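Chemist: Data: run09.csv, CSV, C-alpha atoms.
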chain,number,residue,atom,x,y,z
A,1,LYS,CA,76.1,28.5,-199.0
A,2,ALA,CA,77.5,25.0,-198.9
A,3,GLY,CA,75.0,22.2,-198.7
A,4,VAL,CA,74.9,19.2,-196.4
A,5,THR,CA,78.0,17.1,-196.6
A,6,GLN,CA,78.3,13.4,-195.7
A,7,THR,CA,81.4,11.4,-195.3
A,8,PRO,CA,82.4,8.9,-196.4
A,9,ARG,CA,80.3,8.5,-199.6
A,10,TYR,CA,80.8,4.8,-199.8
A,11,LEU,CA,81.8,2.2,-197.2
A,12,ILE,CA,82.2,-1.5,-197.2
A,13,LYS,CA,82.2,-3.4,-193.9
A,14,THR,CA,81.9,-7.0,-192.8
A,15,ARG,CA,79.3,-8.5,-190.4
A,16,GLY,CA,80.1,-7.8,-186.8
A,17,GLN,CA,82.1,-4.7,-187.4
A,18,GLN,CA,81.0,-1.2,-186.4
A,19,VAL,CA,80.8,2.0,-188.5
A,20,THR,CA,80.6,5.7,-187.9
A,21,LEU,CA,79.1,8.1,-190.5
A,22,SER,CA,79.5,11.8,-190.4
A,23,CYS,CA,77.2,14.7,-191.4
A,24,SER,CA,78.0,18.4,-191.6
A,25,PRO,CA,74.8,20.5,-191.8
A,26,ILE,CA,74.3,23.7,-193.7
A,27,SER,CA,75.8,26.6,-191.8
A,28,GLY,CA,73.4,28.0,-189.3
A,29,HIS,CA,71.2,24.8,-189.2
A,30,ARG,CA,70.8,23.3,-185.8
A,31,SER,CA,68.7,20.3,-186.5
A,32,VAL,CA,70.1,17.1,-188.0
A,33,SER,CA,68.0,14.1,-188.9
A,34,TRP,CA,69.2,10.7,-190.1
A,35,TYR,CA,67.3,8.3,-192.4
A,36,GLN,CA,67.9,4.8,-193.7
A,37,GLN,CA,66.9,4.2,-197.3
A,38,THR,CA,66.6,0.6,-198.7
A,39,PRO,CA,64.7,-0.7,-201.7
A,40,GLY,CA,62.4,-2.8,-199.5
A,41,GLN,CA,61.6,-0.4,-196.7
A,42,GLY,CA,62.0,3.0,-198.4
A,43,LEU,CA,63.0,6.0,-196.3
A,44,GLN,CA,62.9,5.3,-192.6
A,45,PHE,CA,63.6,7.8,-189.9
A,46,LEU,CA,66.4,7.0,-187.5
A,47,PHE,CA,66.7,10.0,-185.2
A,48,GLU,CA,66.9,13.7,-184.9
A,49,TYR,CA,69.3,15.9,-183.0
A,50,PHE,CA,68.9,19.5,-182.0
A,51,SER,CA,71.4,21.5,-180.0
A,52,GLU,CA,73.3,18.3,-179.1
A,53,THR,CA,70.2,16.6,-177.8
A,54,GLN,CA,68.3,13.7,-179.3
A,55,ARG,CA,64.8,15.0,-179.9
A,56,ASN,CA,63.2,12.1,-181.6
A,57,LYS,CA,64.0,8.5,-182.3
A,58,GLY,CA,62.6,6.0,-184.9
A,59,ASN,CA,62.0,2.4,-184.4
A,60,PHE,CA,65.5,1.0,-184.8
A,61,PRO,CA,67.5,-1.3,-182.4
A,62,GLY,CA,70.0,0.1,-180.0
A,63,ARG,CA,72.8,-0.8,-182.3
A,64,PHE,CA,72.0,2.4,-184.1
A,65,SER,CA,73.1,5.5,-182.2
A,66,GLY,CA,74.1,9.1,-182.9
A,67,ARG,CA,75.3,12.3,-181.4
A,68,GLN,CA,75.6,15.9,-182.3
A,69,PHE,CA,78.4,18.2,-181.5
A,70,SER,CA,78.4,21.9,-180.5
A,71,ASN,CA,79.0,23.0,-184.1
A,72,SER,CA,75.9,21.0,-185.1
A,73,ARG,CA,77.9,18.3,-186.9
A,74,SER,CA,76.5,14.9,-186.3
A,75,GLU,CA,77.7,11.3,-186.4
A,76,MET,CA,75.8,8.1,-186.4
A,77,ASN,CA,77.2,4.8,-185.3
A,78,VAL,CA,76.1,1.3,-186.1
A,79,SER,CA,77.6,-1.5,-184.0
A,80,THR,CA,77.7,-5.2,-184.7
A,81,LEU,CA,76.8,-4.8,-188.3
A,82,GLU,CA,74.3,-7.1,-190.0
A,83,LEU,CA,73.7,-7.8,-193.6
A,84,GLY,CA,70.4,-6.0,-193.4
A,85,ASP,CA,72.1,-2.8,-192.5
A,86,SER,CA,73.3,-2.4,-196.1
A,87,ALA,CA,71.6,0.8,-197.1
A,88,LEU,CA,71.9,4.4,-198.2
A,89,TYR,CA,72.1,6.5,-195.0
A,90,LEU,CA,70.9,10.1,-195.5
A,91,CYS,CA,71.4,13.0,-193.3
A,92,ALA,CA,69.2,16.1,-193.5
A,93,SER,CA,69.5,19.5,-191.8
A,94,SER,CA,67.0,22.2,-191.1
A,95,PHE,CA,67.2,25.6,-189.5
A,96,SER,CA,65.2,25.8,-186.4
A,97,GLY,CA,64.5,22.3,-185.4
A,98,ASN,CA,61.0,23.4,-184.2
A,99,SER,CA,59.0,20.3,-185.0
A,100,ASP,CA,55.9,22.4,-185.7
A,101,SER,CA,57.7,24.6,-188.1
A,102,THR,CA,57.5,24.5,-191.9
A,103,ASP,CA,61.3,24.4,-192.1
A,104,THR,CA,62.5,22.4,-195.1
A,105,GLN,CA,64.9,19.6,-194.6
A,106,TYR,CA,67.9,19.7,-196.8
A,107,PHE,CA,69.5,16.4,-197.6
A,108,GLY,CA,73.0,15.3,-198.1
A,109,PRO,CA,74.1,12.9,-200.9
A,110,GLY,CA,74.1,10.0,-198.5
A,111,THR,CA,76.6,7.3,-197.4
A,112,ARG,CA,76.2,4.0,-199.2
A,113,LEU,CA,77.0,1.3,-196.7
A,114,THR,CA,77.5,-2.3,-197.9
A,115,VAL,CA,77.8,-5.0,-195.3
A,116,LEU,CA,79.4,-8.3,-196.5
B,1,ALA,CA,49.6,9.1,-186.4
B,2,GLN,CA,50.5,10.3,-189.8
B,3,SER,CA,51.1,8.3,-193.0
B,4,VAL,CA,51.6,8.7,-196.7
B,5,THR,CA,50.6,6.5,-199.6
B,6,GLN,CA,51.8,7.0,-203.2
B,7,LEU,CA,49.7,5.2,-205.8
B,8,GLY,CA,51.9,3.6,-208.4
B,9,SER,CA,55.5,2.6,-207.6
B,10,HIS,CA,56.4,3.2,-211.3
B,11,VAL,CA,54.9,5.7,-213.7
B,12,SER,CA,55.9,6.0,-217.4
B,13,VAL,CA,55.0,9.0,-219.6
B,14,SER,CA,56.1,10.1,-223.0
B,15,GLU,CA,58.2,13.2,-223.4
B,16,GLY,CA,55.8,16.2,-223.6
B,17,ALA,CA,53.0,14.4,-221.9
B,18,LEU,CA,51.3,15.4,-218.6
B,19,VAL,CA,53.0,14.1,-215.4
B,20,LEU,CA,50.7,13.1,-212.5
B,21,LEU,CA,52.1,11.5,-209.4
B,22,ARG,CA,49.6,10.7,-206.7
B,23,CYS,CA,50.0,11.3,-203.0
B,24,ASN,CA,47.4,10.7,-200.2
B,25,TYR,CA,48.1,11.4,-196.6
B,26,SER,CA,46.6,10.6,-193.2
B,27,SER,CA,46.9,13.0,-190.4
B,28,SER,CA,44.8,13.9,-187.4
B,29,VAL,CA,45.8,17.5,-187.5
B,30,PRO,CA,46.5,19.9,-190.3
B,31,PRO,CA,49.6,18.7,-192.1
B,32,TYR,CA,52.5,20.2,-193.8
B,33,LEU,CA,53.2,18.4,-197.1
B,34,PHE,CA,56.3,18.1,-199.2
B,35,TRP,CA,57.4,16.7,-202.5
B,36,TYR,CA,61.0,15.7,-202.9
B,37,VAL,CA,62.9,14.3,-206.0
B,38,GLN,CA,65.8,11.9,-205.9
B,39,TYR,CA,68.2,11.4,-208.8
B,40,PRO,CA,70.4,8.3,-208.9
B,41,ASN,CA,73.1,8.3,-206.3
B,42,GLN,CA,72.0,11.6,-204.9
B,43,GLY,CA,70.2,12.8,-201.9
B,44,LEU,CA,66.6,14.3,-201.9
B,45,GLN,CA,65.9,17.7,-203.3
B,46,LEU,CA,62.8,19.7,-202.3
B,47,LEU,CA,60.4,20.3,-205.2
B,48,LEU,CA,57.7,22.2,-203.3
B,49,LYS,CA,55.9,22.3,-200.0
B,50,TYR,CA,52.4,23.1,-198.7
B,51,THR,CA,52.3,25.1,-195.4
B,52,SER,CA,48.6,26.1,-195.2
B,53,ALA,CA,48.9,29.2,-197.3
B,54,ALA,CA,47.8,28.8,-200.9
B,55,THR,CA,46.4,25.3,-201.8
B,56,LEU,CA,48.0,25.4,-205.2
B,57,VAL,CA,51.7,25.3,-204.7
B,58,LYS,CA,54.3,25.9,-207.4
B,59,GLY,CA,57.7,24.4,-207.2
B,60,ILE,CA,60.9,24.2,-209.2
B,61,ASN,CA,61.3,22.7,-212.6
B,62,GLY,CA,57.7,23.5,-213.6
B,63,PHE,CA,56.1,21.2,-211.0
B,64,GLU,CA,53.1,22.1,-209.0
B,65,ALA,CA,50.8,20.4,-206.5
B,66,GLU,CA,47.3,21.1,-205.1
B,67,PHE,CA,46.3,20.4,-201.5
B,68,LYS,CA,42.8,19.0,-201.3
B,69,LYS,CA,41.7,18.6,-197.8
B,70,SER,CA,38.5,16.8,-198.6
B,71,GLU,CA,40.4,14.2,-200.6
B,72,THR,CA,43.4,14.2,-198.3
B,73,SER,CA,45.5,14.4,-201.4
B,74,PHE,CA,48.5,16.3,-202.6
B,75,HIS,CA,49.1,15.2,-206.1
B,76,LEU,CA,52.1,16.4,-208.1
B,77,THR,CA,51.7,17.5,-211.7
B,78,LYS,CA,53.8,18.9,-214.6
B,79,PRO,CA,52.1,19.9,-217.9
B,80,SER,CA,54.9,18.6,-220.1
B,81,ALA,CA,57.4,15.9,-219.2
B,82,HIS,CA,61.1,16.3,-220.0
B,83,MET,CA,63.7,13.6,-220.2
B,84,SER,CA,65.5,15.2,-217.3
B,85,ASP,CA,62.4,14.6,-215.0
B,86,ALA,CA,63.2,10.9,-214.9
B,87,ALA,CA,63.8,10.2,-211.2
B,88,GLU,CA,62.2,9.0,-208.0
B,89,TYR,CA,59.7,11.2,-206.3
B,90,PHE,CA,58.7,11.2,-202.7
B,91,CYS,CA,55.8,12.7,-200.9
B,92,ALA,CA,56.2,13.5,-197.2
B,93,VAL,CA,54.0,14.7,-194.4
B,94,ARG,CA,54.8,16.4,-191.1
B,95,SER,CA,52.1,17.3,-188.6
B,96,GLY,CA,51.4,17.6,-184.9
B,97,GLY,CA,55.0,18.0,-183.9
B,98,GLN,CA,56.0,14.7,-185.3
B,99,ASN,CA,58.9,14.0,-187.7
B,100,PHE,CA,58.7,13.7,-191.4
B,101,VAL,CA,57.0,10.6,-192.7
B,102,PHE,CA,57.9,9.7,-196.3
B,103,GLY,CA,55.8,7.8,-198.8
B,104,PRO,CA,57.3,4.7,-200.6
B,105,GLY,CA,58.2,6.7,-203.6
B,106,THR,CA,57.2,6.7,-207.3
B,107,ARG,CA,59.8,6.1,-210.0
B,108,LEU,CA,59.1,8.3,-213.1
B,109,SER,CA,60.3,7.1,-216.5
B,110,VAL,CA,60.1,9.5,-219.4
B,111,LEU,CA,60.0,7.8,-222.8
B,112,PRO,CA,61.3,9.6,-226.0
Could you show the structure in this file as structure tokens?
Modeler:
Amino acid sequence: KAGVTQTPRYLIKTRGQQVTLSCSPISGHRSVSWYQQTPGQGLQFLFEYFSETQRNKGNFPGRFSGRQFSNSRSEMNVSTLELGDSALYLCASSFSGNSDSTDTQYFGPGTRLTVL
Amino acid sequence: AQSVTQLGSHVSVSEGALVLLRCNYSSSVPPYLFWYVQYPNQGLQLLLKYTSAATLVKGINGFEAEFKKSETSFHLTKPSAHMSDAAEYFCAVRSGGQNFVFGPGTRLSVLP
């Protein structure tokens, strides 16, 4: 079974631009979560989608948004990029999306975003 | 609220020595606990997870962890370190219907 895929793997943008990142979960997985990873802040939860609905959201400004499609693929968008948005953005998928479950999150390789 | 602390942002061991990476959690309800490993320029890979069955959990690559409720700990161990174990390790907690919360990570170096 193919793993979680993320595109693109690397991205360079300038301040003020917007960016869209894509995540394809493992086949059959309906929950997709997004994380931002930086050396200073570590892994921080952005949001989770299940069946095209946002279930949970982390403490990030409204410039960060996402969506999920009927095939469970997900995109996240960051508008008006700032230098501090430079990070590795990780996507993770899990099977049931039941937040009380013991489902494992499977991570993609991430998208490395650099904002100049 | 739930949280995770990992004592030691960087741990160095000699090849063949015991690996011990510490994780303590805070949770108001019984937690599910996970250890993930991240190699350079890669995503996170699950090593093992505790889901309220056995308190001693065995994972991949010879790693294991023991859930100790009284100490609110879930330390990761491996009897004999290998050079390929050099990576960053993350402890994570999930409880009470909340999302995963990850610790800050511990970078493991293995010296020849």
Chemist: For atom CA of Gln98 of chain B and atom CA of Glu48 of chain A, quote the distance in Å rounded to one decimal.
Modeler: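 According to the coordinates, atom CA of Gln98 of chain B and atom CA of Glu48 of chain A are separated by 11.0 Å.
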Chemist: Distance table requested - chain B against chain A, cut-off 8 Å, all atoms listed in the file: one row per qualifying residue with the closest atom pair and its distance in Å to one decimal, ordered by chain and rising residue number, as a Markdown table.
Modeler:
| residue | atom | partner | partner_atom | distance |
| --- | --- | --- | --- | --- |
| B:Tyr32 | CA | A:Thr102 | CA | 6.9 |
| B:Asn41 | CA | A:Pro109 | CA | 7.2 |
| B:Gln42 | CA | A:Pro109 | CA | 4.7 |
| B:Gly43 | CA | A:Pro109 | CA | 4.0 |
| B:Leu44 | CA | A:Phe107 | CA | 5.6 |
| B:Gln45 | CA | A:Phe107 | CA | 6.9 |
| B:Leu46 | CA | A:Tyr106 | CA | 7.5 |
| B:Thr51 | CA | A:Thr102 | CA | 6.3 |
| B:Ser95 | CA | A:Asp100 | CA | 7.0 |
| B:Gly96 | CA | A:Asp100 | CA | 6.6 |
| B:Gly97 | CA | A:Ser99 | CA | 4.7 |
| B:Gln98 | CA | A:Ser99 | CA | 6.4 |
| B:Asn99 | CA | A:Ser99 | CA | 6.9 |
| B:Phe100 | CA | A:Phe45 | CA | 7.8 |
| B:Val101 | CA | A:Phe45 | CA | 7.7 |
| B:Phe102 | CA | A:Leu43 | CA | 6.3 |
| B:Gly103 | CA | A:Leu43 | CA | 7.8 |
| B:Pro104 | CA | A:Gly42 | CA | 5.5 |
| B:Gly105 | CA | A:Gly42 | CA | 7.4 |
Chemist: Would you kindly return, as a PyMOL selection string, each protein, DNA or RNA residue with an atom no farther than 7 Å from any atom of Gly16 of chain A, considering all atoms listed in the file and excluding same-chain residues fewer than 6 positions away?
Modeler: chain A and resi 80-82
Chemist: Considering only C-alpha atoms, return as an mmCIF file with C-alpha atoms, in the frame of the given file whatever protein or nucleic-acid residues lie within 8 Å of Gln2 of chain B, sequence-local ones (same chain, fewer than 6 positions apart) excluded.
Modeler:
data_model
loop_
_atom_site.group_PDB
_atom_site.id
_atom_site.type_symbol
_atom_site.label_atom_id
_atom_site.label_comp_id
_atom_site.auth_asym_id
_atom_site.auth_seq_id
_atom_site.Cartn_x
_atom_site.Cartn_y
_atom_site.Cartn_z
ATOM 1 C CA TYR B 25 48.100 11.400 -196.600
ATOM 2 C CA SER B 26 46.600 10.600 -193.200
ATOM 3 C CA SER B 27 46.900 13.000 -190.400
ATOM 4 C CA SER B 28 44.800 13.900 -187.400
ATOM 5 C CA VAL B 93 54.000 14.700 -194.400
ATOM 6 C CA ARG B 94 54.800 16.400 -191.100
ATOM 7 C CA SER B 95 52.100 17.300 -188.600
ATOM 8 C CA VAL B 101 57.000 10.600 -192.700
#
Chemist: I need the residue nearest Trp35 of chain B from this list: B:Leu48, B:Lys69, B:Leu18, B:Ser3. Use all atoms listed in the file for the distance.
Modeler: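 For Trp35 of chain B, the nearest of the candidates is B:Leu48.
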Chemist: Quote the spacing between atom CA of Thr55 of chain B and atom CA of Thr106 of chain B in Å to one decimal place.
Modeler: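 So the answer is 22.2 Å.
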Chemist: Extract, using all atoms listed in the file, all DNA, RNA and protein residues at most 9 Å from Leu47 of chain B, discarding same-chain residues fewer than 5 positions from it, and format them as number ranges by chain.
Modeler: B: 34-37, 58-61, 63-64
Chemist: Out of A:Leu113, A:Thr38, A:Thr20, A:Phe60, which residue has the shortest atom-to-atom distance to Asn77 of chain A when counting only C-alpha atoms?
Modeler: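 With only C-alpha atoms as the atom set, the closest residue is A:Thr20.
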Chemist: Taking 3 positions as the minimum chain separation for residues in the same chain, which residues sit within 10 Å of Ile26 of chain A when counting only C-alpha atoms? Answer as a short mmCIF file (atom, residue, chain, number, x, y, z; two decimals) with C-alpha atoms, in the frame of the given file.
Modeler:
data_model
loop_
_atom_site.label_atom_id
_atom_site.label_comp_id
_atom_site.auth_asym_id
_atom_site.auth_seq_id
_atom_site.Cartn_x
_atom_site.Cartn_y
_atom_site.Cartn_z
CA LYS A 1 76.10 28.50 -199.00
CA ALA A 2 77.50 25.00 -198.90
CA GLY A 3 75.00 22.20 -198.70
CA VAL A 4 74.90 19.20 -196.40
CA THR A 5 78.00 17.10 -196.60
CA CYS A 23 77.20 14.70 -191.40
CA HIS A 29 71.20 24.80 -189.20
CA ARG A 30 70.80 23.30 -185.80
CA SER A 31 68.70 20.30 -186.50
CA VAL A 32 70.10 17.10 -188.00
CA SER A 72 75.90 21.00 -185.10
CA ARG A 73 77.90 18.30 -186.90
CA ALA A 92 69.20 16.10 -193.50
CA SER A 93 69.50 19.50 -191.80
CA SER A 94 67.00 22.20 -191.10
CA PHE A 95 67.20 25.60 -189.50
CA TYR A 106 67.90 19.70 -196.80
CA PHE A 107 69.50 16.40 -197.60
CA GLY A 108 73.00 15.30 -198.10
#
Chemist: Kindly give the distance, in Å, that separates atom CA of Val19 of chain A and atom CA of Ser79 of chain A, rounded to a single decimal.
Modeler: 6.5 Å
Chemist: Counting only C-alpha atoms, find residues at most 8 Å from (53.3, 10.0, -206.7) (file frame) and give them as an mmCIF file with C-alpha atoms, in the coordinates of the input.
Modeler:
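Written out: out.cif:
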data_model
loop_
_atom_site.group_PDB
_atom_site.id
_atom_site.type_symbol
_atom_site.label_atom_id
_atom_site.label_comp_id
_atom_site.auth_asym_id
_atom_site.auth_seq_id
_atom_site.Cartn_x
_atom_site.Cartn_y
_atom_site.Cartn_z
ATOM 1 C CA GLN B 6 51.800 7.000 -203.200
ATOM 2 C CA LEU B 7 49.700 5.200 -205.800
ATOM 3 C CA GLY B 8 51.900 3.600 -208.400
ATOM 4 C CA SER B 9 55.500 2.600 -207.600
ATOM 5 C CA LEU B 20 50.700 13.100 -212.500
ATOM 6 C CA LEU B 21 52.100 11.500 -209.400
ATOM 7 C CA ARG B 22 49.600 10.700 -206.700
ATOM 8 C CA CYS B 23 50.000 11.300 -203.000
ATOM 9 C CA HIS B 75 49.100 15.200 -206.100
ATOM 10 C CA LEU B 76 52.100 16.400 -208.100
ATOM 11 C CA TYR B 89 59.700 11.200 -206.300
ATOM 12 C CA PHE B 90 58.700 11.200 -202.700
ATOM 13 C CA CYS B 91 55.800 12.700 -200.900
ATOM 14 C CA GLY B 105 58.200 6.700 -203.600
ATOM 15 C CA THR B 106 57.200 6.700 -207.300
#
Chemist: Residues proximal to (75.7, 17.9, -180.1) were defined as those with any atom within 8 Å of that point in the file's coordinates, counting all atoms listed in the file. Which are they, as a PDB file with C-alpha atoms, in the coordinates of the input?
Modeler:
ATOM      1  CA  TYR A  49      69.300  15.900-183.000  1.00  0.00           C
ATOM      2  CA  PHE A  50      68.900  19.500-182.000  1.00  0.00           C
ATOM      3  CA  SER A  51      71.400  21.500-180.000  1.00  0.00           C
ATOM      4  CA  GLU A  52      73.300  18.300-179.100  1.00  0.00           C
ATOM      5  CA  THR A  53      70.200  16.600-177.800  1.00  0.00           C
ATOM      6  CA  ARG A  67      75.300  12.300-181.400  1.00  0.00           C
ATOM      7  CA  GLN A  68      75.600  15.900-182.300  1.00  0.00           C
ATOM      8  CA  PHE A  69      78.400  18.200-181.500  1.00  0.00           C
ATOM      9  CA  SER A  70      78.400  21.900-180.500  1.00  0.00           C
ATOM     10  CA  ASN A  71      79.000  23.000-184.100  1.00  0.00           C
ATOM     11  CA  SER A  72      75.900  21.000-185.100  1.00  0.00           C
ATOM     12  CA  ARG A  73      77.900  18.300-186.900  1.00  0.00           C
ATOM     13  CA  SER A  74      76.500  14.900-186.300  1.00  0.00           C
TER      14      SER A  74
END
Chemist: Return the single residue from B:Asn24, B:Ser52, B:Ser73, B:Ser84 that is closest to Leu108 of chain B, with distances computed using all atoms listed in the file.
Modeler: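 The shortest atom-to-atom distance to Leu108 of chain B comes from B:Ser84.
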Chemist: Find the spatial neighbours of Leu83 of chain A, counting only C-alpha atoms, within a cut-off of 6 Å - ignore same-chain residues fewer than 2 positions away - and output them as a list in words.
Modeler: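 Listed by chain and then number, they are Asp85, Ser86 and Val115 of chain A.
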Chemist: Which residue is closest to Pro25 of chain A? Choose from A:Gln54, A:Gln37, A:Gln6, A:Phe64 and count all atoms listed in the file.
Modeler: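 The shortest atom-to-atom distance to Pro25 of chain A comes from A:Gln6.
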Chemist: From the set A:Pro8, A:Gln36, A:Thr14, A:Leu21, which residue has the shortest atom-to-atom contact distance to Val78 of chain A, counting all atoms listed in the file?
Modeler: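 With all atoms listed in the file as the atom set, the closest residue is A:Leu21.
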Chemist: Just segment 74-83 of chain A, please, as a PDB file, in the first residue's frame (only all heavy atoms).
Modeler:
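Written out: out.pdb:
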ATOM      1  N   SER A  74      -6.063  16.206   0.726  1.00  0.00           N
ATOM      2  CA  SER A  74      -6.195  17.462   1.447  1.00  0.00           C
ATOM      3  C   SER A  74      -5.206  18.487   0.923  1.00  0.00           C
ATOM      4  O   SER A  74      -4.143  18.131   0.408  1.00  0.00           O
ATOM      5  CB  SER A  74      -5.965  17.232   2.942  1.00  0.00           C
ATOM      6  OG  SER A  74      -6.023  18.447   3.670  1.00  0.00           O
ATOM      7  N   GLU A  75      -5.568  19.717   1.044  1.00  0.00           N
ATOM      8  CA  GLU A  75      -4.671  20.828   0.723  1.00  0.00           C
ATOM      9  C   GLU A  75      -4.651  21.788   1.902  1.00  0.00           C
ATOM     10  O   GLU A  75      -5.644  21.937   2.612  1.00  0.00           O
ATOM     11  CB  GLU A  75      -5.160  21.595  -0.518  1.00  0.00           C
ATOM     12  CG  GLU A  75      -5.028  20.826  -1.814  1.00  0.00           C
ATOM     13  CD  GLU A  75      -5.497  21.646  -3.012  1.00  0.00           C
ATOM     14  OE1 GLU A  75      -6.174  22.676  -2.818  1.00  0.00           O
ATOM     15  OE2 GLU A  75      -5.202  21.226  -4.144  1.00  0.00           O
ATOM     16  N   MET A  76      -3.511  22.413   2.085  1.00  0.00           N
ATOM     17  CA  MET A  76      -3.457  23.532   3.017  1.00  0.00           C
ATOM     18  C   MET A  76      -2.923  24.742   2.273  1.00  0.00           C
ATOM     19  O   MET A  76      -2.100  24.623   1.367  1.00  0.00           O
ATOM     20  CB  MET A  76      -2.633  23.232   4.261  1.00  0.00           C
ATOM     21  CG  MET A  76      -1.149  23.074   4.068  1.00  0.00           C
ATOM     22  SD  MET A  76      -0.251  23.239   5.635  1.00  0.00           S
ATOM     23  CE  MET A  76      -0.250  25.007   5.856  1.00  0.00           C
ATOM     24  N   ASN A  77      -3.412  25.879   2.672  1.00  0.00           N
ATOM     25  CA  ASN A  77      -3.065  27.130   2.019  1.00  0.00           C
ATOM     26  C   ASN A  77      -2.552  28.110   3.064  1.00  0.00           C
ATOM     27  O   ASN A  77      -3.106  28.200   4.168  1.00  0.00           O
ATOM     28  CB  ASN A  77      -4.301  27.696   1.310  1.00  0.00           C
ATOM     29  CG  ASN A  77      -3.990  28.966   0.538  1.00  0.00           C
ATOM     30  OD1 ASN A  77      -3.977  30.054   1.105  1.00  0.00           O
ATOM     31  ND2 ASN A  77      -3.720  28.830  -0.733  1.00  0.00           N
ATOM     32  N   VAL A  78      -1.498  28.796   2.717  1.00  0.00           N
ATOM     33  CA  VAL A  78      -1.012  29.875   3.569  1.00  0.00           C
ATOM     34  C   VAL A  78      -0.990  31.136   2.719  1.00  0.00           C
ATOM     35  O   VAL A  78      -0.337  31.185   1.667  1.00  0.00           O
ATOM     36  CB  VAL A  78       0.400  29.605   4.120  1.00  0.00           C
ATOM     37  CG1 VAL A  78       0.780  30.670   5.145  1.00  0.00           C
ATOM     38  CG2 VAL A  78       0.492  28.209   4.725  1.00  0.00           C
ATOM     39  N   SER A  79      -1.709  32.138   3.168  1.00  0.00           N
ATOM     40  CA  SER A  79      -1.754  33.393   2.423  1.00  0.00           C
ATOM     41  C   SER A  79      -0.834  34.416   3.075  1.00  0.00           C
ATOM     42  O   SER A  79      -0.449  34.274   4.246  1.00  0.00           O
ATOM     43  CB  SER A  79      -3.191  33.927   2.391  1.00  0.00           C
ATOM     44  OG  SER A  79      -3.633  34.206   3.701  1.00  0.00           O
ATOM     45  N   THR A  80      -0.471  35.421   2.325  1.00  0.00           N
ATOM     46  CA  THR A  80       0.369  36.518   2.822  1.00  0.00           C
ATOM     47  C   THR A  80       1.539  35.966   3.645  1.00  0.00           C
ATOM     48  O   THR A  80       1.668  36.198   4.858  1.00  0.00           O
ATOM     49  CB  THR A  80      -0.451  37.504   3.671  1.00  0.00           C
ATOM     50  OG1 THR A  80      -1.732  37.725   3.081  1.00  0.00           O
ATOM     51  CG2 THR A  80       0.268  38.839   3.773  1.00  0.00           C
ATOM     52  N   LEU A  81       2.389  35.240   2.978  1.00  0.00           N
ATOM     53  CA  LEU A  81       3.489  34.561   3.654  1.00  0.00           C
ATOM     54  C   LEU A  81       4.390  35.512   4.414  1.00  0.00           C
ATOM     55  O   LEU A  81       4.672  36.634   3.964  1.00  0.00           O
ATOM     56  CB  LEU A  81       4.316  33.779   2.629  1.00  0.00           C
ATOM     57  CG  LEU A  81       3.696  32.461   2.138  1.00  0.00           C
ATOM     58  CD1 LEU A  81       4.424  31.961   0.894  1.00  0.00           C
ATOM     59  CD2 LEU A  81       3.711  31.421   3.237  1.00  0.00           C
ATOM     60  N   GLU A  82       4.847  35.035   5.578  1.00  0.00           N
ATOM     61  CA  GLU A  82       5.804  35.768   6.398  1.00  0.00           C
ATOM     62  C   GLU A  82       7.076  34.921   6.526  1.00  0.00           C
ATOM     63  O   GLU A  82       7.053  33.700   6.336  1.00  0.00           O
ATOM     64  CB  GLU A  82       5.209  36.036   7.786  1.00  0.00           C
ATOM     65  CG  GLU A  82       3.930  36.846   7.746  1.00  0.00           C
ATOM     66  CD  GLU A  82       3.324  37.035   9.125  1.00  0.00           C
ATOM     67  OE1 GLU A  82       3.888  36.507  10.108  1.00  0.00           O
ATOM     68  OE2 GLU A  82       2.271  37.715   9.228  1.00  0.00           O
ATOM     69  N   LEU A  83       8.176  35.603   6.875  1.00  0.00           N
ATOM     70  CA  LEU A  83       9.440  34.874   7.008  1.00  0.00           C
ATOM     71  C   LEU A  83       9.308  33.723   8.010  1.00  0.00           C
ATOM     72  O   LEU A  83       9.880  32.644   7.820  1.00  0.00           O
ATOM     73  CB  LEU A  83      10.556  35.826   7.453  1.00  0.00           C
ATOM     74  CG  LEU A  83      10.931  36.927   6.469  1.00  0.00           C
ATOM     75  CD1 LEU A  83      12.026  37.819   7.067  1.00  0.00           C
ATOM     76  CD2 LEU A  83      11.385  36.352   5.133  1.00  0.00           C
TER      77      LEU A  83
END
